[in-house]
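Participant: Hey, dropping entry.cif in here, mmCIF, C-alpha atoms (C1' of nucleotides) and all ligand atoms:
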data_run
loop_
_atom_site.label_atom_id
_atom_site.label_comp_id
_atom_site.auth_asym_id
_atom_site.auth_seq_id
_atom_site.Cartn_x
_atom_site.Cartn_y
_atom_site.Cartn_z
CA MET A 11 20.12 27.21 103.89
CA ASP A 12 21.84 24.49 105.92
CA GLU A 13 24.38 22.66 103.72
CA PHE A 14 23.03 19.32 104.86
CA ALA A 15 19.48 20.31 103.87
CA LEU A 16 20.64 21.58 100.46
CA LYS A 17 22.33 18.28 99.66
CA VAL A 18 19.42 16.20 100.90
CA LEU A 19 16.98 18.30 98.86
CA ALA A 20 19.09 17.97 95.70
CA TRP A 21 19.24 14.20 96.18
CA TYR A 22 15.49 14.08 96.78
CA ARG A 23 14.63 15.78 93.49
CA ARG A 24 16.30 12.99 91.54
CA HIS A 25 15.98 9.97 93.83
CA GLY A 26 13.17 10.57 96.31
CA ARG A 27 9.58 9.32 96.28
CA HIS A 28 7.24 11.74 94.53
CA ASP A 29 4.19 9.67 93.69
CA LEU A 30 2.91 8.28 96.97
CA PRO A 31 -0.89 8.53 97.00
CA TRP A 32 -0.94 10.90 99.99
CA GLN A 33 1.49 13.42 98.50
CA VAL A 34 -1.06 16.23 98.32
CA ARG A 35 -1.58 19.36 100.43
CA ASP A 36 -4.89 18.39 102.01
CA PRO A 37 -4.35 18.34 105.81
CA TYR A 38 -6.93 15.60 106.30
CA VAL A 39 -5.17 13.36 103.79
CA ARG A 40 -1.76 14.04 105.31
CA TRP A 41 -3.05 13.43 108.83
CA LEU A 42 -4.66 10.14 107.83
CA ALA A 43 -1.53 9.00 106.00
CA GLU A 44 0.85 9.95 108.80
CA VAL A 45 -1.23 8.10 111.38
CA MET A 46 -1.41 5.03 109.16
CA LEU A 47 2.36 5.25 108.63
CA GLN A 48 3.05 5.11 112.37
CA GLN A 49 4.86 1.81 112.94
CA THR A 50 3.73 0.68 109.52
CA THR A 51 5.52 0.47 106.19
CA VAL A 52 4.48 2.31 103.04
CA THR A 53 3.56 -0.86 101.14
CA ALA A 54 1.30 -2.03 103.95
CA VAL A 55 -0.43 1.34 104.18
CA ILE A 56 -1.24 2.05 100.51
CA PRO A 57 -4.27 -0.25 100.04
CA TYR A 58 -5.72 0.67 103.44
CA PHE A 59 -5.21 4.35 102.79
CA GLN A 60 -7.14 4.22 99.54
CA ARG A 61 -10.05 2.19 100.92
CA PHE A 62 -10.24 4.34 104.04
CA LEU A 63 -10.20 7.62 102.15
CA THR A 64 -12.92 6.38 99.81
CA ALA A 65 -15.09 5.38 102.76
CA PHE A 66 -14.36 8.54 104.78
CA PRO A 67 -13.41 11.27 102.31
CA SER A 68 -13.45 14.13 104.83
CA VAL A 69 -12.99 14.87 108.51
CA ARG A 70 -16.74 15.34 108.76
CA ALA A 71 -17.46 11.97 107.15
CA LEU A 72 -15.03 10.35 109.57
CA ALA A 73 -16.48 12.15 112.56
CA GLU A 74 -20.00 11.10 111.64
CA ALA A 75 -19.08 7.45 111.08
CA SER A 76 -19.53 4.78 113.72
CA GLN A 77 -16.47 3.36 115.45
CA ASP A 78 -17.45 -0.01 114.01
CA ALA A 79 -17.23 1.33 110.47
CA VAL A 80 -13.88 2.96 111.17
CA LEU A 81 -12.43 -0.19 112.70
CA ALA A 82 -13.79 -2.28 109.83
CA HIS A 83 -11.72 -0.22 107.42
CA TRP A 84 -8.65 -0.35 109.67
CA ALA A 85 -8.85 -4.07 110.40
CA GLY A 86 -5.66 -5.86 109.40
CA LEU A 87 -3.47 -2.77 109.62
CA GLY A 88 -2.72 -3.21 113.31
CA TYR A 89 -2.32 -0.89 116.30
CA TYR A 90 -6.04 -0.28 116.52
CA ALA A 91 -5.72 2.49 119.10
CA ARG A 92 -4.67 4.55 116.09
CA ALA A 93 -8.10 4.09 114.51
CA ARG A 94 -9.94 4.79 117.75
CA ASN A 95 -7.83 7.91 118.34
CA LEU A 96 -8.22 9.07 114.74
CA HIS A 97 -11.98 8.77 115.05
CA ALA A 98 -12.02 10.63 118.37
CA ALA A 99 -9.74 13.32 116.96
CA ALA A 100 -12.02 13.80 113.94
CA ARG A 101 -14.84 14.62 116.34
CA VAL A 102 -12.62 17.08 118.21
CA LEU A 103 -11.63 18.70 114.90
CA THR A 104 -15.19 19.20 113.68
CA GLU A 105 -16.21 20.57 117.04
CA HIS A 106 -13.32 22.97 117.61
CA TYR A 107 -12.17 23.82 114.08
CA GLY A 108 -15.33 23.50 112.02
CA ASN A 109 -14.18 22.94 108.47
CA GLY A 110 -10.66 24.22 109.22
CA PHE A 111 -7.54 22.66 110.68
CA PRO A 112 -4.87 23.49 113.27
CA ARG A 113 -1.91 25.28 111.73
CA THR A 114 0.74 24.49 114.33
CA ALA A 115 2.42 21.26 115.30
CA GLU A 116 1.56 21.92 118.95
CA ALA A 117 -2.16 22.12 118.18
CA TRP A 118 -2.05 18.91 116.13
CA ALA A 119 -0.10 17.14 118.87
CA ALA A 120 -2.90 17.95 121.30
CA LEU A 121 -5.16 15.59 119.35
CA PRO A 122 -5.31 11.95 120.39
CA GLY A 123 -3.00 9.73 118.38
CA VAL A 124 -0.88 12.61 117.09
CA GLY A 125 2.59 12.69 118.61
CA PRO A 126 5.48 15.07 117.94
CA SER A 127 6.67 13.50 114.68
CA THR A 128 3.21 13.06 113.21
CA ALA A 129 2.24 16.61 114.15
CA ALA A 130 5.37 18.07 112.59
CA ALA A 131 4.99 16.01 109.43
CA ILE A 132 1.38 17.17 108.99
CA VAL A 133 2.12 20.89 109.26
CA ALA A 134 5.26 20.57 107.14
CA PHE A 135 3.44 18.75 104.35
CA ALA A 136 0.13 20.59 104.47
CA PHE A 137 1.28 24.12 105.29
CA GLY A 138 5.03 24.22 104.67
CA VAL A 139 5.73 24.94 108.34
CA PRO A 140 9.40 24.25 109.18
CA ALA A 141 8.65 21.84 112.02
CA PRO A 142 11.28 19.17 112.71
CA ILE A 143 10.38 15.49 112.70
CA LEU A 144 12.23 12.59 114.27
CA ASP A 145 10.70 9.38 113.04
CA ALA A 146 12.72 6.18 112.77
CA ASN A 147 14.16 7.11 109.38
CA VAL A 148 15.29 10.59 110.38
CA ARG A 149 16.59 9.27 113.67
CA ARG A 150 18.74 6.69 111.91
CA VAL A 151 20.19 9.29 109.53
CA LEU A 152 20.92 11.89 112.20
CA SER A 153 22.27 9.52 114.83
CA ARG A 154 24.76 8.24 112.28
CA TYR A 155 25.58 11.56 110.65
CA HIS A 156 26.23 13.22 114.02
CA ALA A 157 27.49 10.07 115.76
CA VAL A 158 24.91 10.33 118.53
CA GLY A 159 25.23 7.10 120.49
CA GLY A 160 22.67 5.54 122.76
CA ARG A 161 18.90 5.45 122.71
CA ASP A 162 18.28 7.17 126.02
CA ALA A 163 16.43 10.42 126.65
CA ARG A 164 19.57 12.52 126.38
CA ALA A 165 20.45 11.09 122.97
CA LEU A 166 16.87 11.75 121.89
CA ARG A 167 17.06 15.40 122.96
CA THR A 168 20.30 15.81 121.04
CA LEU A 169 18.74 14.30 117.94
CA TRP A 170 15.69 16.54 118.18
CA ALA A 171 18.04 19.52 118.34
CA HIS A 172 19.88 18.34 115.23
CA ALA A 173 16.56 17.76 113.48
CA ARG A 174 15.51 21.32 114.32
CA ASP A 175 18.81 22.81 113.18
CA HIS A 176 18.71 21.07 109.80
CA THR A 177 15.09 21.85 108.97
CA PRO A 178 15.10 24.76 106.49
CA ALA A 179 12.78 27.75 106.84
CA HIS A 180 11.68 27.33 103.22
CA GLU A 181 10.92 24.14 101.35
CA ALA A 182 10.08 22.44 104.65
CA ALA A 183 7.61 20.10 102.95
CA ALA A 184 10.13 18.86 100.40
CA TYR A 185 12.89 18.62 103.01
CA THR A 186 10.72 16.60 105.37
CA GLN A 187 9.91 14.07 102.68
CA ALA A 188 13.54 14.15 101.56
CA ILE A 189 15.09 13.29 104.91
CA MET A 190 12.51 10.55 105.44
CA ASP A 191 13.25 9.11 102.02
CA LEU A 192 16.98 9.25 102.64
CA GLY A 193 16.51 7.13 105.74
CA ALA A 194 14.10 4.76 104.04
CA LEU A 195 16.00 4.32 100.78
CA VAL A 196 19.71 4.97 101.45
CA CYS A 197 20.49 5.17 105.16
CA ARG A 198 18.80 1.84 105.84
CA LYS A 199 19.86 -0.61 108.53
CA THR A 200 22.72 -1.51 106.22
CA PRO A 201 23.41 1.92 104.71
CA ASP A 202 24.28 2.51 101.07
CA CYS A 203 26.77 5.27 101.84
CA ALA A 204 28.08 5.29 98.27
CA ALA A 205 24.68 6.65 97.19
CA CYS A 206 24.35 9.12 100.05
CA PRO A 207 24.42 12.87 99.35
CA VAL A 208 25.80 13.72 102.81
CA ALA A 209 28.44 11.01 103.07
CA ALA A 210 31.25 13.59 103.02
CA GLY A 211 30.17 15.06 106.35
CA CYS A 212 28.96 11.85 107.95
CA ALA A 213 30.51 10.63 111.21
CA PHE A 214 29.10 7.10 111.07
CA GLU A 215 31.67 4.55 112.21
CA GLY A 216 29.74 1.45 111.19
CA GLU A 217 28.12 0.66 114.54
CA ASP A 218 24.62 1.67 115.65
CA ALA A 219 23.65 1.76 119.31
CA PRO A 220 22.63 -1.75 120.29
CA VAL A 221 18.92 -2.52 120.44
CA THR A 222 17.75 -4.38 123.50
CA ARG A 223 15.20 -7.07 122.80
CA ARG A 224 12.97 -8.40 125.51
CA PRO A 225 11.97 -12.02 125.53
CA ARG A 226 8.38 -12.57 124.51
CA PRO A 227 6.33 -14.69 126.90
CA GLU A 228 3.84 -17.24 125.56
CA ARG A 229 0.13 -16.94 126.08
CA ALA A 230 -2.54 -19.37 124.99
CA VAL A 231 -6.27 -19.00 124.44
CA PHE A 232 -9.05 -21.27 123.20
CA MET A 233 -11.60 -19.80 120.82
CA ALA A 234 -15.10 -21.08 120.09
CA VAL A 235 -16.03 -21.26 116.41
CA ILE A 236 -19.79 -21.33 116.80
CA ARG A 237 -21.35 -22.04 113.42
CA ASP A 238 -24.94 -21.97 112.39
CA PRO A 239 -26.00 -22.88 108.84
CA ASP A 240 -28.32 -19.88 108.61
CA ARG A 241 -26.62 -17.25 110.69
CA GLY A 242 -22.91 -17.86 110.09
CA VAL A 243 -20.26 -17.59 112.80
CA LEU A 244 -20.82 -15.90 116.14
CA LEU A 245 -18.57 -12.94 116.94
CA VAL A 246 -18.18 -10.96 120.13
CA ARG A 247 -16.76 -7.49 120.53
CA ARG A 248 -13.49 -7.25 122.39
CA PRO A 249 -13.11 -4.73 125.22
CA SER A 250 -12.16 -1.28 123.97
CA HIS A 251 -8.79 -1.38 125.70
CA GLY A 252 -6.07 -4.00 125.45
CA VAL A 253 -5.07 -6.16 122.52
CA TRP A 254 -7.34 -5.86 119.48
CA GLY A 255 -9.44 -3.32 121.40
CA GLY A 256 -12.91 -2.80 119.95
CA LEU A 257 -12.53 -5.41 117.22
CA TRP A 258 -14.81 -8.38 116.62
CA SER A 259 -13.40 -11.75 117.54
CA LEU A 260 -14.41 -15.23 118.66
CA PRO A 261 -15.57 -16.06 122.18
CA GLU A 262 -12.47 -17.15 124.08
CA SER A 263 -11.18 -18.53 127.32
CA VAL A 264 -7.72 -19.00 128.76
CA GLU A 265 -8.53 -22.52 129.98
CA GLN A 266 -10.06 -25.02 127.60
CA HIS A 267 -12.47 -26.28 130.23
CA ASP A 268 -13.91 -22.78 130.68
CA LEU A 269 -14.97 -22.44 127.04
CA PRO A 270 -18.34 -24.26 127.37
CA ALA A 271 -19.33 -21.80 130.08
CA VAL A 272 -18.38 -18.88 127.82
CA VAL A 273 -20.61 -20.35 125.10
CA ALA A 274 -23.41 -20.99 127.58
CA ALA A 275 -23.19 -17.40 128.81
CA LEU A 276 -24.10 -16.35 125.27
CA GLY A 277 -27.32 -18.34 125.65
CA LEU A 278 -26.20 -21.05 123.25
CA GLU A 279 -26.11 -24.82 123.50
CA GLY A 280 -23.97 -26.94 121.21
CA ARG A 281 -21.49 -29.78 121.06
CA MET A 282 -17.85 -28.88 121.64
CA GLY A 283 -15.96 -30.45 118.76
CA ALA A 284 -12.37 -31.62 118.72
CA PRO A 285 -9.83 -28.78 119.01
CA CYS A 286 -8.21 -27.76 115.73
CA ALA A 287 -4.48 -27.33 115.32
CA PRO A 288 -3.34 -24.20 117.17
CA ILE A 289 -2.57 -20.98 115.30
CA HIS A 290 0.52 -19.05 116.37
CA HIS A 291 0.53 -15.29 116.32
CA ALA A 292 3.39 -13.03 117.37
CA PHE A 293 2.86 -9.64 118.96
CA THR A 294 5.59 -7.21 119.94
CA HIS A 295 5.51 -8.20 123.58
CA PHE A 296 4.16 -11.75 123.66
CA ARG A 297 3.36 -14.72 121.50
CA LEU A 298 -0.15 -16.03 121.33
CA SER A 299 -1.28 -19.54 120.62
CA ILE A 300 -4.93 -19.80 119.54
CA THR A 301 -6.67 -23.15 119.58
CA PRO A 302 -9.98 -23.02 117.69
CA ILE A 303 -12.68 -25.34 118.95
CA PRO A 304 -15.69 -25.81 116.64
CA VAL A 305 -19.09 -25.77 118.29
CA GLU A 306 -21.63 -27.73 116.27
CA GLY A 307 -25.36 -28.20 116.35
CA VAL A 308 -26.23 -24.89 117.93
CA SER A 309 -29.96 -24.98 118.60
CA ARG A 310 -32.00 -22.81 116.31
CA GLY A 311 -33.76 -19.97 118.02
CA LEU A 312 -31.52 -20.21 121.01
CA GLY A 313 -28.97 -17.60 121.79
CA VAL A 314 -28.83 -14.00 122.75
CA ALA A 315 -30.19 -11.62 120.18
CA GLU A 316 -27.64 -9.68 118.27
CA CYS A 317 -26.75 -6.65 120.32
CA HIS A 318 -24.02 -4.07 120.56
CA ASP A 319 -21.43 -6.69 121.48
CA VAL A 320 -22.62 -9.90 119.78
CA MET A 321 -23.22 -10.60 116.10
CA TRP A 322 -23.42 -13.37 113.55
CA TYR A 323 -21.20 -13.09 110.49
CA LYS A 324 -21.88 -14.97 107.28
CA GLY A 325 -18.80 -13.88 105.36
CA GLY A 326 -18.58 -11.72 102.28
CA GLY A 327 -18.24 -7.99 101.86
CA LEU A 328 -15.88 -5.91 103.96
CA GLY A 329 -17.25 -7.57 107.08
CA PRO A 330 -16.83 -6.43 110.64
CA GLY A 331 -13.42 -5.30 111.88
CA MET A 332 -11.52 -8.40 112.95
CA PRO A 333 -7.90 -9.03 113.94
CA ALA A 334 -5.80 -10.37 111.07
CA PRO A 335 -5.35 -13.93 112.41
CA ILE A 336 -9.06 -14.21 113.25
CA ARG A 337 -9.93 -13.01 109.76
CA ARG A 338 -7.70 -15.71 108.26
CA LEU A 339 -9.15 -18.34 110.55
CA LEU A 340 -12.72 -17.45 109.64
CA ASN A 341 -11.92 -17.39 105.95
CA GLN A 342 -10.91 -21.03 106.29
CA PHE A 343 -14.03 -21.97 108.24
CA LEU A 344 -16.37 -20.08 105.92
CA GLU A 345 -14.77 -21.52 102.78
CA VAL A 346 -14.86 -25.13 104.00
CA PRO A 347 -17.86 -25.53 106.28
"C1'" DA B 97 11.35 -20.09 113.64
"C1'" DT B 98 13.27 -15.67 113.97
"C1'" DC B 99 14.20 -11.16 112.47
"C1'" DC B 100 12.77 -6.96 110.53
"C1'" DA B 101 10.13 -2.47 109.53
"C1'" DG B 102 7.71 1.33 112.17
"C1'" DG B 103 5.40 6.24 117.06
"C1'" DT B 104 2.17 7.19 120.64
"C1'" DA B 105 -0.16 6.71 125.13
"C1'" DC B 106 -0.12 5.55 129.82
"C1'" DG C 244 9.47 1.56 130.86
"C1'" DT C 245 5.58 -1.06 128.94
"C1'" DA C 246 1.52 -1.91 125.81
"C1'" DC C 247 0.18 -1.99 121.35
"C1'" DC C 248 0.08 -5.25 115.37
"C1'" DT C 249 1.14 -7.11 110.95
"C1'" DG C 250 3.32 -9.00 106.81
"C1'" DG C 251 7.38 -9.87 104.48
"C1'" DA C 252 12.20 -11.47 104.34
"C1'" DT C 253 15.52 -14.82 105.76
S1 LIG A 401 26.87 8.37 104.77
FE1 LIG A 401 25.97 6.41 105.19
S2 LIG A 401 25.60 6.36 107.38
FE2 LIG A 401 26.01 8.49 106.84
S3 LIG A 401 23.99 9.35 106.54
FE3 LIG A 401 24.69 8.66 104.53
S4 LIG A 401 23.91 6.56 104.31
FE4 LIG A 401 23.74 7.14 106.49
#
If you took the structure in this file and wrote it as structure tokens, what would it be?

Facilitator:
Amino acid sequence: MDEFALKVLAWYRRHGRHDLPWQVRDPYVRWLAEVMLQQTTVTAVIPYFQRFLTAFPSVRALAEASQDAVLAHWAGLGYYARARNLHAAARVLTEHYGNGFPRTAEAWAALPGVGPSTAAAIVAFAFGVPAPILDANVRRVLSRYHAVGGRDARALRTLWAHARDHTPAHEAAAYTQAIMDLGALVCRKTPDCAACPVAAGCAFEGEDAPVTRRPRPERAVFMAVIRDPDRGVLLVRRPSHGVWGGLWSLPESVEQHDLPAVVAALGLEGRMGAPCAPIHHAFTHFRLSITPIPVEGVSRGLGVAECHDVMWYKGGGLGPGMPAPIRRLLNQFLEVP
DNA sequence: ATCCAGGTAC
DNA sequence: GTACCTGGAT
């Protein structure tokens, strides 16, 4: 076996993570966990993983669920295309694989929301297939160990080749977790090289390739908080593509003076209250300022009936799937009416 | 307020 | 290349 892999495996037995809740063989569990772990840290994932798995304990249960139920259990975790893709992929799996699963990384990667690293991690963990991964942790380790500069396509190809060369034919599951843990626990942004099992062969010179950060433009929206003593707060479903796709949110407009028309289009009449203090929310690619505007005295009996894209929410329970800042905002409004 | 952690789809 | 999220640390 590759010397590098031997050392990483030996380190992992003593210092790696062995009790994460998804460390089982079940392909469904590993798939769910790997998708949740995309762009998301372990501590953020754990509570969502457990709730989600309780609600949808099998591929079939997930496939038979509504998208609303799936999004409700994903709400707050972010990157909601993951939930929509997971749901769609569950339906593909039940249709094409029955109660079975793909056995190759290529077949997994053909499913929506499963890219090369996720696919490789799934087959390595569930079936012991020696498929290389290159997530952020592995990439950091290998780019330093082999002194691969740059973040361009050529550097990426080189790193994939190194990942493939290091991945052992046996113990692929343990090695995959081991190299991820090494990146997460030792070869962090500021590496702890004194604790690293492969320091002797490492070519790291102390400088990573620079990351380019784009400036984040500002956007602003106004959101109507339409309250009714009996029915709660009115929510509308967001379009299935774009930010917060498919989640429930508040009626909104880009211009404040357009908000009454948005409310009127829902068949409602009420007084526009004074705007509340804006909420600031940062996305990867822009910053959003949300100004809530309470709408009071909505006439009883008026308003569109609840339908596929409009609902009243009284609070309590899991509730509909809402973006994190909207959830926080509503918690305030529903606590202090 | 700003930085930081983290893959896939188009 | 650009779109897509959140919570925690500083
Ligand atoms: S020696 Fe340091 S830089 Fe090299 S792989 Fe280990 S932790 Fe990373």

Participant: Counting all atoms listed in the file, what are the residues, protein, DNA or RNA alike, that approach ligand LIG 401 (chain A) to within 6 Å? I want them as a PyMOL selection string.

Facilitator: chain A and resi 151+154-155+196-197+201-203+206+208-209+212+214

Participant: Figure out the distance between CA of Leu42 (chain A) and CA of Gly86 (chain A), please, to one decimal in Å.

Facilitator: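 Separation between CA of Gly86 (chain A) and CA of Leu42 (chain A): 16.1 Å.
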
Participant: Using all atoms listed in the file, determine which residues lie at most 9 Å from region 284-300 of chain A, disregarding the query and same-chain residues fewer than 6 positions distant; provide the list as a ChimeraX atom specification.

Facilitator: /A:224-233,335,339 /C:245-249

Participant: May I ask for the distance between CA of His83 (chain A) and CA of Arg113 (chain A), given in Å to one decimal place?

Facilitator: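 Computing the Euclidean distance for CA of His83 (chain A) and CA of Arg113 (chain A) yields 27.7 Å.
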
Participant: What does the distance between CA of Leu63 (chain A) and CA of Ala130 (chain A) come to in Å, to one decimal place?

Facilitator: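 Taking CA of Leu63 (chain A) and CA of Ala130 (chain A), their separation equals 21.5 Å.
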
Participant: Can I get the residues of chain B within 8 Å of chain A, each with the closest pair of atoms and their distance in Å to one decimal, using all atoms listed in the file, sorted chain first then ascending number, as a Markdown table?

Facilitator:
| residue | atom | partner | partner_atom | distance |
| --- | --- | --- | --- | --- |
| B:DA101 | C1' | A:Thr51 | CA | 6.4 |
| B:DG102 | C1' | A:Gln49 | CA | 3.0 |
| B:DG103 | C1' | A:Gln48 | CA | 5.4 |
| B:DT104 | C1' | A:Gly125 | CA | 5.9 |
| B:DA105 | C1' | A:Gly123 | CA | 7.9 |

Participant: Please determine the contact residues of chain A with respect to chain C at a cut-off of 7 Å, counting only C-alpha atoms (C1' of nucleotides), and supply them as a PyMOL selection string.

Facilitator: chain A and resi 87-89+253+293

Participant: Extract, using only C-alpha atoms (C1' of nucleotides), all DNA, RNA and protein residues at most 12 Å from Ala274 (chain A), discarding same-chain residues fewer than 5 positions from it, and format them as number ranges by chain.

Facilitator: A: 234, 236, 261, 268-269, 279-282, 305, 308-309, 312-314

Participant: Export C-alpha atoms of the chosen residues as a short mmCIF file (atom, residue, chain, number, x, y, z; two decimals), in the coordinates of the input?

Facilitator:
data_model
loop_
_atom_site.label_atom_id
_atom_site.label_comp_id
_atom_site.auth_asym_id
_atom_site.auth_seq_id
_atom_site.Cartn_x
_atom_site.Cartn_y
_atom_site.Cartn_z
CA ALA A 234 -15.10 -21.08 120.09
CA ILE A 236 -19.79 -21.33 116.80
CA PRO A 261 -15.57 -16.06 122.18
CA ASP A 268 -13.91 -22.78 130.68
CA LEU A 269 -14.97 -22.44 127.04
CA GLU A 279 -26.11 -24.82 123.50
CA GLY A 280 -23.97 -26.94 121.21
CA ARG A 281 -21.49 -29.78 121.06
CA MET A 282 -17.85 -28.88 121.64
CA VAL A 305 -19.09 -25.77 118.29
CA VAL A 308 -26.23 -24.89 117.93
CA SER A 309 -29.96 -24.98 118.60
CA LEU A 312 -31.52 -20.21 121.01
CA GLY A 313 -28.97 -17.60 121.79
CA VAL A 314 -28.83 -14.00 122.75
#

Participant: I'd like the neighbourhood of Asp175 (chain A) as a list in words, where a residue qualifies if any of its atoms comes within 10 Å (using all atoms listed in the file), though same-chain residues fewer than 2 positions away should be ignored.

Facilitator: Asp12, Phe14, Ala15, Pro142, Leu169, Trp170, Ala171, His172, Ala173, Thr177 and Pro178 of chain A

Participant: Padding 4 Å on every side, please: axis-aligned box over the listed atoms of chain C, centre and edge lengths to one decimal in Å, as AutoDock Vina command-line options.

Facilitator:
--center_x 7.8 --center_y -6.6 --center_z 117.6 --size_x 23.4 --size_y 24.4 --size_z 34.5
